Amino acid sequence: MVHKARVSDTSDLQSLTPGLYIVATPIGNLGDITMRAVETLRRCDAIACEDTRVTHKLLRHLEISKPLWRYDDHSDADERARLIESLQHKAVALVTDAGTPLVSDPGYRLAREAREAGIAVTSLPGASAPIAALTISGLPSDRFLFAGFLPPKEKARRDVLAELAGLRATLIFFETAPRLLKALEAIGEVLPGRDVAVAREITKLYEECRTGSANQLAEHYAAHPPRGEIVLLVGPPADNAGEEMDAEGLLAEALADMKPSQAAAAVAKATGLDRKALYARALEMREK
């Protein structure tokens, strides 16, 4: 289904055409908001937001006053249905607390149901923490995957990293300061040899992007506990990953408490190397 978004002339403050306007807001520096975003927030009928207190601060800075409607992770289907009904005759801007809506938040359900109802959906691009972090990290940017937050539990965290190990792309995660060390430790074990970057407080006064191995970064942040919002990036496996990651060393370590088939599967996930070839080598090593 294709819907063409209709945007009224922005030369005055007449109401916008009814529909959903997905508006990116600053991730730190308020100067990063776009002129088009400001104009849309001025002309819309209402604003759907994660936290009315956070959005109120932004609107006060912009000298804008609009009705604020709460829409967040806890909004249920009934609340979404009422919002869809309002979109039939009102122009509603959707914002998140910081950055681009729908990136690691439930807004996609609203956008999907609005489209299914024949409502125009318009995106106003702007600040995005994953993209900003990628651009300053120095890691390959031709292929990348944003994977949201890593799971808080250790096994689930390692499982996710192992699942993504074979991708020839830079991996981008959100992470919290209290969990950063655990995440770095897991990356060092599951994805050894990778380039890693920690970007935090992007666009703010104390912006920092530190790069190195997972172990080096873990050592640094153990001594200097981080603060603020964090984007964690992991570079893709090198073309000669088999040599750099010492597959035999990983196999030998895994064989200490695994069967050859299990060891081969674990190392294949960690390195992206062929499981059958690793299994054959594991059998040889076990015989010796």
# chains A, B, ... in the order shown; residues from 1 in each chain; ligands from 1

$ select_by_dssp --residues "segment 254-283 of chain A" --states "alpha helix (DSSP H)" --output "ChimeraX atom specification"
/A:254-255,260-271,275-283

$ select_by_dssp --residues "segment 36-238 of chain A" --states "strand (DSSP E or B)" --output "number ranges by chain"
A: 46-49, 68-70, 91-94, 99, 121-124, 144-149, 170-175, 196-200, 208-212, 230-234

$ closest_atom_pairs --of "segment 150-206 of chain A" --to "segment 225-230 of chain A" --cutoff "7 Å" --atoms "only C-alpha atoms" --output "CSV"
residue,atom,partner,partner_atom,distance
A:Phe174,CA,A:Ile230,CA,6.1
A:Glu175,CA,A:Ile230,CA,5.4
A:Thr176,CA,A:Ile230,CA,6.1
A:Ala177,CA,A:Pro226,CA,5.7
A:Val198,CA,A:Ile230,CA,6.9
A:Ala199,CA,A:Ile230,CA,5.7
A:Arg200,CA,A:Ile230,CA,4.3
A:Glu201,CA,A:Glu229,CA,5.6

$ write_last_selection --atoms "N, CA, C and O atoms" --output "mmCIF file, in the first residue's frame"
data_model
loop_
_atom_site.group_PDB
_atom_site.id
_atom_site.type_symbol
_atom_site.label_atom_id
_atom_site.label_comp_id
_atom_site.auth_asym_id
_atom_site.auth_seq_id
_atom_site.Cartn_x
_atom_site.Cartn_y
_atom_site.Cartn_z
ATOM 1 N N PHE A 174 22.720 0.175 21.516
ATOM 2 C CA PHE A 174 22.575 1.095 22.636
ATOM 3 C C PHE A 174 23.026 0.346 23.888
ATOM 4 O O PHE A 174 22.855 -0.870 23.996
ATOM 5 N N GLU A 175 23.603 1.061 24.853
ATOM 6 C CA GLU A 175 23.986 0.423 26.107
ATOM 7 C C GLU A 175 23.868 1.436 27.234
ATOM 8 O O GLU A 175 23.944 2.645 27.006
ATOM 9 N N THR A 176 23.672 0.935 28.438
ATOM 10 C CA THR A 176 23.609 1.802 29.611
ATOM 11 C C THR A 176 24.969 1.811 30.295
ATOM 12 O O THR A 176 25.745 0.858 30.185
ATOM 13 N N ALA A 177 25.255 2.884 31.014
ATOM 14 C CA ALA A 177 26.540 2.992 31.691
ATOM 15 C C ALA A 177 26.782 1.850 32.688
ATOM 16 O O ALA A 177 27.877 1.283 32.712
ATOM 17 N N VAL A 198 33.283 3.090 21.748
ATOM 18 C CA VAL A 198 32.273 3.519 22.720
ATOM 19 C C VAL A 198 32.062 5.016 22.518
ATOM 20 O O VAL A 198 32.979 5.821 22.734
ATOM 21 N N ALA A 199 30.873 5.393 22.084
ATOM 22 C CA ALA A 199 30.533 6.808 21.886
ATOM 23 C C ALA A 199 29.502 7.188 22.940
ATOM 24 O O ALA A 199 28.491 6.494 23.090
ATOM 25 N N ARG A 200 29.753 8.251 23.655
ATOM 26 C CA ARG A 200 28.803 8.654 24.699
ATOM 27 C C ARG A 200 28.637 10.166 24.726
ATOM 28 O O ARG A 200 29.501 10.916 24.278
ATOM 29 N N GLU A 201 27.478 10.585 25.241
ATOM 30 C CA GLU A 201 27.156 12.001 25.351
ATOM 31 C C GLU A 201 27.303 12.720 24.009
ATOM 32 O O GLU A 201 27.824 13.842 23.941
#

$ closest_residue --among "A:Thr170, A:Thr40, A:Gln88, A:Thr100" --to "Ala129 of chain A" --atoms "only C-alpha atoms"
A:Thr100

$ residues_around --residues "Glu189 of chain A" --least-positions-apart "2" --cutoff "9 Å" --atoms "only C-alpha atoms" --output "list in words"
Arg158, Leu184, Glu185, Ala186, Ile187, Leu191, Pro192, Ala214 and Ala270 of chain A

$ write_last_selection --atoms "N, CA, C and O atoms" --output "mmCIF file, in the first residue's frame"
data_model
loop_
_atom_site.group_PDB
_atom_site.id
_atom_site.type_symbol
_atom_site.label_atom_id
_atom_site.label_comp_id
_atom_site.auth_asym_id
_atom_site.auth_seq_id
_atom_site.Cartn_x
_atom_site.Cartn_y
_atom_site.Cartn_z
ATOM 1 N N ARG A 158 25.338 -12.976 25.322
ATOM 2 C CA ARG A 158 26.307 -13.749 24.540
ATOM 3 C C ARG A 158 25.641 -14.421 23.341
ATOM 4 O O ARG A 158 26.237 -14.532 22.260
ATOM 5 N N LEU A 184 31.239 -5.161 27.232
ATOM 6 C CA LEU A 184 32.588 -5.202 26.667
ATOM 7 C C LEU A 184 33.260 -6.543 26.944
ATOM 8 O O LEU A 184 33.963 -7.098 26.089
ATOM 9 N N GLU A 185 33.061 -7.078 28.137
ATOM 10 C CA GLU A 185 33.636 -8.381 28.472
ATOM 11 C C GLU A 185 33.063 -9.470 27.558
ATOM 12 O O GLU A 185 33.798 -10.341 27.075
ATOM 13 N N ALA A 186 31.760 -9.418 27.318
ATOM 14 C CA ALA A 186 31.134 -10.417 26.437
ATOM 15 C C ALA A 186 31.643 -10.275 25.011
ATOM 16 O O ALA A 186 31.914 -11.280 24.333
ATOM 17 N N ILE A 187 31.792 -9.046 24.531
ATOM 18 C CA ILE A 187 32.302 -8.830 23.173
ATOM 19 C C ILE A 187 33.729 -9.359 23.056
ATOM 20 O O ILE A 187 34.095 -9.997 22.062
ATOM 21 N N LEU A 191 33.431 -12.130 20.446
ATOM 22 C CA LEU A 191 33.900 -11.540 19.186
ATOM 23 C C LEU A 191 35.347 -11.061 19.342
ATOM 24 O O LEU A 191 35.647 -9.871 19.198
ATOM 25 N N PRO A 192 36.270 -11.958 19.647
ATOM 26 C CA PRO A 192 37.656 -11.542 19.882
ATOM 27 C C PRO A 192 38.298 -10.955 18.629
ATOM 28 O O PRO A 192 37.966 -11.323 17.508
ATOM 29 N N ALA A 214 38.004 -4.630 22.837
ATOM 30 C CA ALA A 214 37.024 -4.697 23.927
ATOM 31 C C ALA A 214 37.728 -4.746 25.278
ATOM 32 O O ALA A 214 37.287 -4.096 26.244
ATOM 33 N N ALA A 270 31.475 -17.613 16.589
ATOM 34 C CA ALA A 270 32.329 -16.515 17.033
ATOM 35 C C ALA A 270 33.156 -15.912 15.912
ATOM 36 O O ALA A 270 33.479 -14.727 15.935
#

$ residues_around --residues "segment 89-94 of chain A" --least-positions-apart "2" --cutoff "6 Å" --atoms "only C-alpha atoms" --output "number ranges by chain"
A: 16, 18-23, 44-48, 86-87

$ residues_around --residues "segment 143-154 of chain A" --least-positions-apart "5" --cutoff "8 Å" --atoms "only C-alpha atoms" --output "PyMOL selection string"
chain A and resi 104+130+160+168-175+179+182-183+186

$ write_last_selection --atoms "C-alpha atoms" --output "PDB file, in the first residue's frame"
ATOM      1  CA  SER A 104      14.362   1.324  19.255  1.00  0.00           C
ATOM      2  CA  PRO A 130      23.396   5.380  16.023  1.00  0.00           C
ATOM      3  CA  VAL A 160      22.876 -12.306  20.581  1.00  0.00           C
ATOM      4  CA  ARG A 168      30.350  -8.695   7.648  1.00  0.00           C
ATOM      5  CA  ALA A 169      29.022  -5.400   8.982  1.00  0.00           C
ATOM      6  CA  THR A 170      29.622  -2.936  11.804  1.00  0.00           C
ATOM      7  CA  LEU A 171      27.291  -3.729  14.702  1.00  0.00           C
ATOM      8  CA  ILE A 172      25.659  -0.845  16.593  1.00  0.00           C
ATOM      9  CA  PHE A 173      24.039  -1.185  20.015  1.00  0.00           C
ATOM     10  CA  PHE A 174      22.575   1.095  22.636  1.00  0.00           C
ATOM     11  CA  GLU A 175      23.986   0.423  26.107  1.00  0.00           C
ATOM     12  CA  ARG A 179      26.072  -2.485  31.935  1.00  0.00           C
ATOM     13  CA  LYS A 182      29.659  -6.553  31.113  1.00  0.00           C
ATOM     14  CA  ALA A 183      28.913  -5.847  27.443  1.00  0.00           C
ATOM     15  CA  ALA A 186      31.134 -10.417  26.437  1.00  0.00           C
TER      16      ALA A 186
END

$ closest_residue --among "A:Asp105, A:Ala268, A:Ile84, A:Met35" --to "Ala120 of chain A" --atoms "only C-alpha atoms"
A:Ile84

$ atom_distance --atom1 "atom CA of Lys276 of chain A" --atom2 "atom CA of Leu161 of chain A"
20.9 Å

$ residues_around --residues "Gly107 of chain A" --least-positions-apart "6" --cutoff "9 Å" --atoms "only C-alpha atoms" --output "list in words"
Tyr71, Asp72, Asp73, Leu94, Thr96 and Pro101 of chain A

$ closest_residue --among "A:Ile136, A:Leu273, A:Leu164, A:Cys49" --to "Glu207 of chain A" --atoms "only C-alpha atoms"
A:Ile136

$ closest_residue --among "A:Arg80, A:Gly126, A:Pro140, A:Arg115" --to "Ala24 of chain A" --atoms "only C-alpha atoms"
A:Gly126
